[in-house]
>>> print(open('my_file_9.pdb').read())   # PDB, C-alpha atoms
ATOM      1  CA  MET A 160      62.147  14.855  18.739
ATOM      2  CA  THR A 161      59.903  15.559  21.756
ATOM      3  CA  ALA A 162      56.558  13.759  21.648
ATOM      4  CA  ARG A 163      53.473  16.033  21.760
ATOM      5  CA  ILE A 164      51.102  15.327  24.636
ATOM      6  CA  SER A 165      48.253  17.402  26.026
ATOM      7  CA  PRO A 166      49.208  20.359  28.282
ATOM      8  CA  ALA A 167      47.393  18.662  31.178
ATOM      9  CA  GLY A 168      49.317  15.418  30.546
ATOM     10  CA  ALA A 169      52.624  17.286  30.321
ATOM     11  CA  GLU A 170      51.824  19.094  33.588
ATOM     12  CA  ARG A 171      50.935  15.821  35.360
ATOM     13  CA  GLN A 172      54.090  14.119  34.126
ATOM     14  CA  ALA A 173      56.330  17.050  35.094
ATOM     15  CA  GLY A 174      54.651  17.254  38.532
ATOM     16  CA  LEU A 175      55.252  13.540  39.130
ATOM     17  CA  HIS A 176      58.903  13.770  38.053
ATOM     18  CA  ILE A 177      59.483  16.816  40.271
ATOM     19  CA  ILE A 178      57.971  15.037  43.312
ATOM     20  CA  ILE A 179      60.130  11.931  42.720
ATOM     21  CA  ALA A 180      63.209  14.127  42.237
ATOM     22  CA  ALA A 181      62.399  16.044  45.460
ATOM     23  CA  VAL A 182      62.132  12.766  47.414
ATOM     24  CA  ALA A 183      65.431  11.548  45.890
ATOM     25  CA  TYR A 184      67.009  14.888  46.819
ATOM     26  CA  LEU A 185      65.880  14.625  50.456
ATOM     27  CA  LEU A 186      67.115  11.011  50.712
ATOM     28  CA  LEU A 187      70.504  11.809  49.149
ATOM     29  CA  ARG A 188      70.864  14.910  51.319
ATOM     30  CA  ALA A 189      70.091  12.996  54.531
ATOM     31  CA  GLY A 190      72.243  10.007  53.507
ATOM     32  CA  GLY A 191      75.157  12.228  52.468
ATOM     33  CA  GLN A 192      74.988  14.215  55.701
ATOM     34  CA  HIS A 193      74.947  10.961  57.718
ATOM     35  CA  TYR A 194      78.134   9.651  56.071
ATOM     36  CA  ILE A 195      79.850  13.051  56.284
ATOM     37  CA  ASP A 196      79.006  13.245  60.012
ATOM     38  CA  ALA A 197      80.392   9.706  60.359
ATOM     39  CA  GLY A 198      83.770  11.024  59.178
ATOM     40  CA  ALA A 199      83.916  10.785  55.379
ATOM     41  CA  THR A 200      86.825  12.855  54.066
ATOM     42  CA  GLY A 201      88.527  13.895  50.835
ATOM     43  CA  PRO A 202      86.975  13.037  47.447
ATOM     44  CA  LEU A 203      84.276  10.863  49.084
ATOM     45  CA  ARG A 204      83.097  13.869  51.148
ATOM     46  CA  ILE A 205      82.953  16.040  48.015
ATOM     47  CA  ALA A 206      81.071  13.338  46.103
ATOM     48  CA  LEU A 207      78.546  12.938  48.960
ATOM     49  CA  ALA A 208      78.037  16.722  49.087
ATOM     50  CA  ALA A 209      77.577  16.958  45.306
ATOM     51  CA  LEU A 210      75.202  13.951  44.972
ATOM     52  CA  PRO A 211      71.952  15.824  45.868
ATOM     53  CA  ALA A 212      72.599  18.036  42.826
ATOM     54  CA  LEU A 213      71.695  15.094  40.538
ATOM     55  CA  PRO A 214      67.940  15.063  41.325
ATOM     56  CA  VAL A 215      67.999  18.876  40.988
ATOM     57  CA  LEU A 216      69.401  18.409  37.481
ATOM     58  CA  TRP A 217      66.556  15.964  36.795
ATOM     59  CA  MET A 218      64.037  18.554  38.077
ATOM     60  CA  LEU A 219      65.441  21.163  35.695
ATOM     61  CA  TRP A 220      65.304  18.657  32.846
ATOM     62  CA  SER A 221      61.648  17.905  33.695
ATOM     63  CA  VAL A 222      60.824  21.634  33.594
ATOM     64  CA  HIS A 223      62.591  21.931  30.219
ATOM     65  CA  ARG A 224      60.678  18.934  28.842
ATOM     66  CA  TYR A 225      57.403  20.287  30.191
ATOM     67  CA  LEU A 226      58.027  23.651  28.518
ATOM     68  CA  SER A 227      58.782  21.994  25.186
ATOM     69  CA  ARG A 228      55.585  19.871  25.360
ATOM     70  CA  THR A 229      53.031  22.295  26.705
ATOM     71  CA  ASP A 230      50.897  24.804  24.762
ATOM     72  CA  GLU A 231      52.031  28.303  23.752
ATOM     73  CA  LEU A 232      50.248  30.120  26.611
ATOM     74  CA  HIS A 233      51.662  27.892  29.378
ATOM     75  CA  ARG A 234      55.093  28.120  27.786
ATOM     76  CA  ARG A 235      54.935  31.901  27.532
ATOM     77  CA  VAL A 236      53.768  32.369  31.126
ATOM     78  CA  HIS A 237      56.480  30.083  32.515
ATOM     79  CA  MET A 238      59.262  31.559  30.384
ATOM     80  CA  GLU A 239      58.302  35.126  31.319
ATOM     81  CA  ALA A 240      57.969  34.161  34.973
ATOM     82  CA  LEU A 241      61.453  32.577  34.853
ATOM     83  CA  GLY A 242      62.798  35.756  33.262
ATOM     84  CA  VAL A 243      61.259  37.883  36.039
ATOM     85  CA  ALA A 244      62.622  35.441  38.651
ATOM     86  CA  ALA A 245      66.140  35.764  37.180
ATOM     87  CA  GLY A 246      65.879  39.578  37.412
ATOM     88  CA  VAL A 247      64.568  39.537  40.991
ATOM     89  CA  THR A 248      67.274  37.059  42.058
ATOM     90  CA  ALA A 249      70.000  39.133  40.377
ATOM     91  CA  ALA A 250      68.813  42.298  42.180
ATOM     92  CA  CYS A 251      68.462  40.587  45.586
ATOM     93  CA  SER A 252      71.829  38.821  45.307
ATOM     94  CA  ILE A 253      73.756  41.987  44.433
ATOM     95  CA  VAL A 254      72.101  43.970  47.253
ATOM     96  CA  TYR A 255      72.674  41.279  49.879
ATOM     97  CA  GLY A 256      76.147  40.501  48.503
ATOM     98  CA  LEU A 257      77.167  44.119  49.056
ATOM     99  CA  LEU A 258      75.573  44.207  52.520
ATOM    100  CA  GLU A 259      77.369  40.957  53.396
ATOM    101  CA  GLU A 260      80.755  42.083  52.115
ATOM    102  CA  SER A 261      80.672  45.698  53.188
ATOM    103  CA  ALA A 262      78.141  46.155  55.984
ATOM    104  CA  GLY A 263      78.902  43.027  58.014
ATOM    105  CA  PHE A 264      75.581  41.264  57.391
ATOM    106  CA  PRO A 265      75.680  37.491  58.145
ATOM    107  CA  HIS A 266      76.989  35.183  55.397
ATOM    108  CA  LEU A 267      74.357  33.311  53.444
ATOM    109  CA  THR A 268      75.245  30.333  51.272
ATOM    110  CA  ALA A 269      74.495  30.365  47.537
ATOM    111  CA  ARG A 270      71.585  27.990  48.247
ATOM    112  CA  TRP A 271      69.516  31.031  49.289
ATOM    113  CA  ALA A 272      69.514  32.132  45.681
ATOM    114  CA  ILE A 273      67.420  29.123  44.649
ATOM    115  CA  LEU A 274      64.844  29.965  47.322
ATOM    116  CA  VAL A 275      64.492  33.534  45.991
ATOM    117  CA  LEU A 276      64.414  32.195  42.429
ATOM    118  CA  GLY A 277      61.743  29.603  43.225
ATOM    119  CA  LEU A 278      59.497  31.982  45.190
ATOM    120  CA  SER A 279      59.713  34.769  42.612
ATOM    121  CA  TRP A 280      59.051  32.236  39.809
ATOM    122  CA  VAL A 281      55.874  31.012  41.528
ATOM    123  CA  ALA A 282      54.691  34.543  42.416
ATOM    124  CA  SER A 283      55.342  36.059  38.979
ATOM    125  CA  GLY A 284      53.878  32.961  37.258
ATOM    126  CA  PHE A 285      50.701  33.410  39.309
ATOM    127  CA  LEU A 286      50.447  37.124  38.462
ATOM    128  CA  LEU A 287      51.190  36.584  34.754
ATOM    129  CA  TRP A 288      48.673  33.760  34.562
ATOM    130  CA  ARG A 289      45.977  36.046  35.981
ATOM    131  CA  ARG A 290      46.944  38.760  33.482
ATOM    132  CA  TYR A 291      46.788  36.467  30.445
ATOM    133  CA  LYS A 292      43.593  34.639  31.465
TER     134      LYS A 292
ATOM    135  CA  MET B   1      59.309  53.380  18.994
ATOM    136  CA  THR B   2      60.897  51.041  16.397
ATOM    137  CA  PRO B   3      62.658  47.866  17.657
ATOM    138  CA  THR B   4      66.021  49.241  16.387
ATOM    139  CA  LYS B   5      65.567  52.494  18.309
ATOM    140  CA  ALA B   6      64.422  50.578  21.370
ATOM    141  CA  ASN B   7      67.566  48.423  21.125
ATOM    142  CA  ARG B   8      69.841  51.484  20.825
ATOM    143  CA  ARG B   9      68.186  53.215  23.757
ATOM    144  CA  TYR B  10      68.389  50.043  25.860
ATOM    145  CA  GLN B  11      72.107  49.651  25.107
ATOM    146  CA  THR B  12      72.789  53.312  25.973
ATOM    147  CA  GLU B  13      70.909  53.009  29.272
ATOM    148  CA  VAL B  14      72.784  49.810  30.203
ATOM    149  CA  VAL B  15      76.202  51.335  29.403
ATOM    150  CA  VAL B  16      75.428  54.542  31.372
ATOM    151  CA  ALA B  17      74.095  52.525  34.337
ATOM    152  CA  MET B  18      77.177  50.280  34.372
ATOM    153  CA  VAL B  19      79.527  53.298  34.251
ATOM    154  CA  ILE B  20      77.642  54.793  37.239
ATOM    155  CA  TYR B  21      77.839  51.402  39.008
ATOM    156  CA  MET B  22      81.633  51.212  38.556
ATOM    157  CA  ALA B  23      82.069  54.852  39.644
ATOM    158  CA  LEU B  24      79.952  54.229  42.777
ATOM    159  CA  MET B  25      81.948  51.081  43.607
ATOM    160  CA  ALA B  26      85.208  53.011  43.227
ATOM    161  CA  VAL B  27      83.951  55.640  45.704
ATOM    162  CA  VAL B  28      82.033  53.410  48.131
ATOM    163  CA  VAL B  29      84.552  50.583  48.691
ATOM    164  CA  PRO B  30      87.385  52.774  50.113
ATOM    165  CA  ILE B  31      84.890  54.549  52.428
ATOM    166  CA  LEU B  32      83.544  51.190  53.650
ATOM    167  CA  LYS B  33      87.078  49.986  54.375
ATOM    168  CA  GLY B  34      87.288  52.848  56.912
ATOM    169  CA  GLN B  35      84.469  51.094  58.889
ATOM    170  CA  PRO B  36      81.926  53.955  59.206
ATOM    171  CA  PRO B  37      78.853  53.470  61.513
ATOM    172  CA  LEU B  38      76.445  50.647  60.597
ATOM    173  CA  SER B  39      73.687  52.911  59.208
ATOM    174  CA  GLU B  40      76.187  54.596  56.854
ATOM    175  CA  ARG B  41      77.628  51.213  55.844
ATOM    176  CA  VAL B  42      74.145  49.921  54.914
ATOM    177  CA  ILE B  43      73.341  53.026  52.836
ATOM    178  CA  LEU B  44      76.739  52.915  51.099
ATOM    179  CA  ALA B  45      76.452  49.181  50.415
ATOM    180  CA  VAL B  46      72.978  49.565  48.892
ATOM    181  CA  LEU B  47      73.958  52.579  46.708
ATOM    182  CA  PRO B  48      75.601  50.553  43.875
ATOM    183  CA  ALA B  49      72.393  48.503  43.629
ATOM    184  CA  LEU B  50      70.564  51.580  42.274
ATOM    185  CA  PRO B  51      72.194  51.505  38.801
ATOM    186  CA  VAL B  52      71.620  47.724  38.771
ATOM    187  CA  THR B  53      67.921  48.391  39.414
ATOM    188  CA  TRP B  54      68.027  50.857  36.512
ATOM    189  CA  VAL B  55      69.470  48.112  34.256
ATOM    190  CA  ILE B  56      66.646  45.767  35.273
ATOM    191  CA  TRP B  57      64.104  48.528  34.556
ATOM    192  CA  ALA B  58      65.770  49.173  31.165
ATOM    193  CA  VAL B  59      65.475  45.454  30.329
ATOM    194  CA  ILE B  60      61.769  45.434  31.245
ATOM    195  CA  LYS B  61      61.152  48.545  29.118
ATOM    196  CA  PHE B  62      63.157  47.102  26.225
ATOM    197  CA  LEU B  63      61.211  43.834  26.287
ATOM    198  CA  GLY B  64      57.963  45.813  26.111
ATOM    199  CA  ARG B  65      59.154  47.692  23.001
ATOM    200  CA  ALA B  66      61.216  45.023  21.206
ATOM    201  CA  ASP B  67      59.943  42.931  18.307
ATOM    202  CA  GLU B  68      58.744  39.368  18.857
ATOM    203  CA  LEU B  69      62.114  37.764  17.956
ATOM    204  CA  GLN B  70      64.198  40.000  20.240
ATOM    205  CA  ARG B  71      61.686  39.455  23.028
ATOM    206  CA  ARG B  72      61.733  35.688  22.587
ATOM    207  CA  VAL B  73      65.540  35.486  22.547
ATOM    208  CA  HIS B  74      65.882  37.590  25.718
ATOM    209  CA  ILE B  75      63.132  35.777  27.633
ATOM    210  CA  GLU B  76      64.517  32.340  26.679
ATOM    211  CA  ALA B  77      68.066  33.431  27.585
ATOM    212  CA  LEU B  78      66.839  34.726  30.966
ATOM    213  CA  ALA B  79      64.959  31.460  31.594
ATOM    214  CA  ILE B  80      68.149  29.480  30.793
ATOM    215  CA  ALA B  81      70.112  31.789  33.129
ATOM    216  CA  ALA B  82      67.563  31.081  35.886
ATOM    217  CA  GLY B  83      67.934  27.297  35.427
ATOM    218  CA  VAL B  84      71.736  27.293  35.267
ATOM    219  CA  THR B  85      71.942  29.625  38.284
ATOM    220  CA  ALA B  86      69.561  27.406  40.258
ATOM    221  CA  PHE B  87      71.711  24.342  39.570
ATOM    222  CA  LEU B  88      75.058  26.023  40.223
ATOM    223  CA  SER B  89      73.964  27.842  43.384
ATOM    224  CA  LEU B  90      72.402  24.723  44.876
ATOM    225  CA  SER B  91      75.413  22.544  43.986
ATOM    226  CA  TYR B  92      77.913  25.030  45.367
ATOM    227  CA  GLY B  93      75.721  25.548  48.442
ATOM    228  CA  PHE B  94      75.994  21.809  49.204
ATOM    229  CA  LEU B  95      79.756  21.825  48.689
ATOM    230  CA  GLU B  96      80.041  24.864  50.959
ATOM    231  CA  ASP B  97      77.796  23.432  53.690
ATOM    232  CA  MET B  98      78.844  19.798  53.606
ATOM    233  CA  ALA B  99      82.343  19.626  52.092
ATOM    234  CA  GLY B 100      83.873  22.773  53.580
ATOM    235  CA  PHE B 101      84.318  24.653  50.299
ATOM    236  CA  PRO B 102      85.134  28.372  50.789
ATOM    237  CA  HIS B 103      82.262  30.820  51.231
ATOM    238  CA  ILE B 104      81.515  32.946  48.180
ATOM    239  CA  PRO B 105      79.583  36.217  48.553
ATOM    240  CA  LEU B 106      76.060  36.281  47.108
ATOM    241  CA  TRP B 107      76.891  38.855  44.436
ATOM    242  CA  TRP B 108      78.510  35.978  42.519
ATOM    243  CA  VAL B 109      74.963  34.805  41.801
ATOM    244  CA  PHE B 110      74.390  38.120  40.006
ATOM    245  CA  MET B 111      77.557  37.565  37.944
ATOM    246  CA  VAL B 112      76.490  34.022  36.994
ATOM    247  CA  ILE B 113      73.007  35.196  35.924
ATOM    248  CA  ASP B 114      74.517  37.972  33.780
ATOM    249  CA  LEU B 115      77.157  35.786  32.146
ATOM    250  CA  VAL B 116      74.769  32.917  31.364
ATOM    251  CA  TRP B 117      72.142  35.381  30.090
ATOM    252  CA  ALA B 118      74.671  36.988  27.743
ATOM    253  CA  GLY B 119      76.075  33.625  26.579
ATOM    254  CA  ALA B 120      72.666  32.016  26.049
ATOM    255  CA  GLY B 121      71.423  35.184  24.305
ATOM    256  CA  CYS B 122      74.313  35.056  21.783
ATOM    257  CA  ILE B 123      73.756  31.353  21.062
ATOM    258  CA  LEU B 124      69.954  31.722  20.694
ATOM    259  CA  TRP B 125      70.335  34.811  18.505
ATOM    260  CA  ARG B 126      72.634  32.909  16.115
ATOM    261  CA  ARG B 127      70.241  29.969  16.079
ATOM    262  CA  TYR B 128      67.163  32.073  15.234
ATOM    263  CA  LYS B 129      68.877  34.304  12.642
TER     264      LYS B 129
END
>>> encode(input="my_file_9.pdb", output="structure tokens")
Amino acid sequence: MTARISPAGAERQAGLHIIIAAVAYLLLRAGGQHYIDAGATGPLRIALAALPALPVLWMLWSVHRYLSRTDELHRRVHMEALGVAAGVTAACSIVYGLLEESAGFPHLTARWAILVLGLSWVASGFLLWRRYK
Amino acid sequence: MTPTKANRRYQTEVVVAMVIYMALMAVVVPILKGQPPLSERVILAVLPALPVTWVIWAVIKFLGRADELQRRVHIEALAIAAGVTAFLSLSYGFLEDMAGFPHIPLWWVFMVIDLVWAGAGCILWRRYK
């Protein structure tokens, strides 16, 4: 069972975990790129490329834990903002996917989706928070 | 409007929008293969996004009219879809950039969001019932 802590405490803890995970991500990304540039091949190359996904998984887990520990208003705002972000990302990805496939627009990697998701999460969270306050 | 009516209307709108989407794709793709001028290609490529926008609008309307349980299930399922999509798109992005995995077009992100949303919605619905 998840321990109940104050919303402020849950926010602080989640913020700290996300910062540590972001630092771990940057280190793993830089380290992985270094070894790949040095000539890593085969399964080692795949493992080095996949390693930065681990701190991302930790970030997502921290968000989940934060949402299960925080109060009803925070939870509602974040969940709704995530829902809006999923919708915005779905719309943007289908439009750009069609432009990329059919209109010759430059290829973008799937990593762009997380940027759209993150920005729309923050923006819709901000707007929803103002609405509920 | 009652939650049941709202649900029926939402389902009708989604089915109609998806039929229009498939019809547009069937018309647009062969024309695009003929390589028309860039401006025409852009307009044709964006056209199938219109019924998708309608689906998103139908979801927003439905969530405003649904009862608290339906609303909760859909919002939670969408939040799960956002998390899973974030993880998968970032992981595959690394594999594509650093390990030479094949490029996948961005509309796959849309497919992943839809599939995870539907799957998570079914599981959550069974859990809450």
>>> interface_residues(input="my_file_9.pdb", of="chain A", to="chain B", cutoff="7 Å", atoms="only C-alpha atoms", output="ChimeraX atom specification")
/A:204-205,208-209,212,215-216,219,238-239,241-242,245-246,249-250,252-258,260-262,268-270,272-273
>>> write_last_selection(input="my_file_9.pdb", atoms="C-alpha atoms", output="PDB file, in the coordinates of the input")
ATOM      1  CA  ARG A 204      83.097  13.869  51.148  1.00  0.00           C
ATOM      2  CA  ILE A 205      82.953  16.040  48.015  1.00  0.00           C
ATOM      3  CA  ALA A 208      78.037  16.722  49.087  1.00  0.00           C
ATOM      4  CA  ALA A 209      77.577  16.958  45.306  1.00  0.00           C
ATOM      5  CA  ALA A 212      72.599  18.036  42.826  1.00  0.00           C
ATOM      6  CA  VAL A 215      67.999  18.876  40.988  1.00  0.00           C
ATOM      7  CA  LEU A 216      69.401  18.409  37.481  1.00  0.00           C
ATOM      8  CA  LEU A 219      65.441  21.163  35.695  1.00  0.00           C
ATOM      9  CA  MET A 238      59.262  31.559  30.384  1.00  0.00           C
ATOM     10  CA  GLU A 239      58.302  35.126  31.319  1.00  0.00           C
ATOM     11  CA  LEU A 241      61.453  32.577  34.853  1.00  0.00           C
ATOM     12  CA  GLY A 242      62.798  35.756  33.262  1.00  0.00           C
ATOM     13  CA  ALA A 245      66.140  35.764  37.180  1.00  0.00           C
ATOM     14  CA  GLY A 246      65.879  39.578  37.412  1.00  0.00           C
ATOM     15  CA  ALA A 249      70.000  39.133  40.377  1.00  0.00           C
ATOM     16  CA  ALA A 250      68.813  42.298  42.180  1.00  0.00           C
ATOM     17  CA  SER A 252      71.829  38.821  45.307  1.00  0.00           C
ATOM     18  CA  ILE A 253      73.756  41.987  44.433  1.00  0.00           C
ATOM     19  CA  VAL A 254      72.101  43.970  47.253  1.00  0.00           C
ATOM     20  CA  TYR A 255      72.674  41.279  49.879  1.00  0.00           C
ATOM     21  CA  GLY A 256      76.147  40.501  48.503  1.00  0.00           C
ATOM     22  CA  LEU A 257      77.167  44.119  49.056  1.00  0.00           C
ATOM     23  CA  LEU A 258      75.573  44.207  52.520  1.00  0.00           C
ATOM     24  CA  GLU A 260      80.755  42.083  52.115  1.00  0.00           C
ATOM     25  CA  SER A 261      80.672  45.698  53.188  1.00  0.00           C
ATOM     26  CA  ALA A 262      78.141  46.155  55.984  1.00  0.00           C
ATOM     27  CA  THR A 268      75.245  30.333  51.272  1.00  0.00           C
ATOM     28  CA  ALA A 269      74.495  30.365  47.537  1.00  0.00           C
ATOM     29  CA  ARG A 270      71.585  27.990  48.247  1.00  0.00           C
ATOM     30  CA  ALA A 272      69.514  32.132  45.681  1.00  0.00           C
ATOM     31  CA  ILE A 273      67.420  29.123  44.649  1.00  0.00           C
TER      32      ILE A 273
END
>>> resolve_selection(input="my_file_9.pdb", expression="the PyMOL selection byres ((chain A and resi 218) around 8)", output="list in words")
His176, Ile177, Ala180, Ala181, Pro214, Val215, Leu216, Trp217, Leu219, Trp220, Ser221 and Val222 of chain A
>>> closest_residue(input="my_file_9.pdb", among="A:Arg224, A:His237, A:Lys292, A:His266", to="Ala169 in chain A", atoms="all atoms listed in the file")
A:Arg224
>>> atom_distance(input="my_file_9.pdb", atom1="CA of Ala282 in chain A", atom2="CA of Ala240 in chain A")
8.1 Å
>>> atom_distance(input="my_file_9.pdb", atom1="CA of Ser227 in chain A", atom2="CA of Cys122 in chain B")
20.6 Å
>>> closest_residue(input="my_file_9.pdb", among="A:Ile164, A:Val236, A:Tyr194, A:Trp271", to="Ser283 in chain A", atoms="all atoms listed in the file")
A:Val236
>>> atom_distance(input="my_file_9.pdb", atom1="CA of Gly190 in chain A", atom2="CA of Val281 in chain A")
29.2 Å
>>> closest_residue(input="my_file_9.pdb", among="A:Ala244, A:Arg235, A:Gly174, A:Arg289", to="Val275 in chain A", atoms="all atoms listed in the file")
A:Ala244
>>> resolve_selection(input="my_file_9.pdb", expression="the PyMOL selection byres ((chain B and resi 61) around 12)", output="PyMOL selection string")
chain B and resi 1+3+6-7+9-11+13-14+54-60+62-66+71
>>> residues_around(input="my_file_9.pdb", residues="Tyr128 in chain B", least_positions_apart="6", cutoff="10 Å", atoms="all atoms listed in the file", output="list in words")
Leu69, Gln70, Arg72 and Val73 of chain B
>>> decode(input="my_file_9.pdb", residues="range 197-268 of chain A", atoms="C-alpha atoms", output="compact mmCIF listing (two decimals), in the first residue's frame")
# COMPACT_ATOMS: atom_id res chain seq x y z
CA ALA A 197 33.98 4.25 -30.32
CA GLY A 198 32.65 1.34 -32.40
CA ALA A 199 30.30 -0.74 -30.24
CA THR A 200 28.28 -3.10 -32.43
CA GLY A 201 25.57 -5.75 -32.25
CA PRO A 202 23.73 -6.45 -28.97
CA LEU A 203 26.07 -4.13 -27.01
CA ARG A 204 25.11 -1.21 -29.30
CA ILE A 205 21.40 -1.97 -28.80
CA ALA A 206 21.86 -2.24 -25.03
CA LEU A 207 23.74 1.10 -24.92
CA ALA A 208 20.99 2.76 -26.99
CA ALA A 209 18.23 1.33 -24.78
CA LEU A 210 19.90 2.15 -21.42
CA PRO A 211 18.72 5.81 -21.19
CA ALA A 212 15.15 4.47 -21.22
CA LEU A 213 15.65 3.15 -17.65
CA PRO A 214 15.72 6.57 -15.92
CA VAL A 215 12.71 7.55 -18.08
CA LEU A 216 10.88 4.53 -16.66
CA TRP A 217 11.85 5.73 -13.17
CA MET A 218 10.49 9.22 -14.01
CA LEU A 219 7.17 7.71 -15.08
CA TRP A 220 7.07 5.63 -11.90
CA SER A 221 7.73 8.77 -9.83
CA VAL A 222 4.83 10.56 -11.56
CA HIS A 223 2.57 7.55 -10.88
CA ARG A 224 3.60 7.48 -7.21
CA TYR A 225 3.10 11.22 -6.90
CA LEU A 226 -0.41 10.94 -8.37
CA SER A 227 -1.33 8.16 -5.96
CA ARG A 228 -0.07 10.17 -2.94
CA THR A 229 -1.27 13.66 -3.69
CA ASP A 230 -4.67 15.21 -2.92
CA GLU A 231 -7.76 14.89 -5.13
CA LEU A 232 -7.41 18.32 -6.79
CA HIS A 233 -3.74 17.85 -7.78
CA ARG A 234 -4.54 14.35 -9.00
CA ARG A 235 -7.49 15.54 -11.06
CA VAL A 236 -5.58 18.41 -12.66
CA HIS A 237 -2.63 16.19 -13.59
CA MET A 238 -4.78 13.34 -14.90
CA GLU A 239 -6.89 15.70 -17.03
CA ALA A 240 -3.77 17.48 -18.28
CA LEU A 241 -2.25 14.10 -19.24
CA GLY A 242 -5.47 13.22 -21.06
CA VAL A 243 -5.36 16.51 -23.00
CA ALA A 244 -1.65 15.93 -23.75
CA ALA A 245 -2.43 12.46 -25.14
CA GLY A 246 -5.09 13.98 -27.43
CA VAL A 247 -2.83 16.80 -28.64
CA THR A 248 0.04 14.36 -29.27
CA ALA A 249 -2.26 11.97 -31.16
CA ALA A 250 -3.51 14.81 -33.39
CA CYS A 251 -0.03 16.25 -34.04
CA SER A 252 1.51 12.83 -34.74
CA ILE A 253 -1.15 11.83 -37.28
CA VAL A 254 -0.92 15.19 -39.09
CA TYR A 255 2.88 15.19 -39.24
CA GLY A 256 2.97 11.45 -40.00
CA LEU A 257 0.83 12.03 -43.08
CA LEU A 258 2.88 15.06 -44.13
CA GLU A 259 6.07 13.03 -43.68
CA GLU A 260 4.82 10.00 -45.59
CA SER A 261 2.89 11.73 -48.32
CA ALA A 262 4.10 15.31 -48.70
CA GLY A 263 7.85 14.72 -48.36
CA PHE A 264 8.30 16.55 -45.05
CA PRO A 265 11.57 15.66 -43.23
CA HIS A 266 11.59 12.52 -41.07
CA LEU A 267 11.31 13.10 -37.35
CA THR A 268 12.15 10.37 -34.85
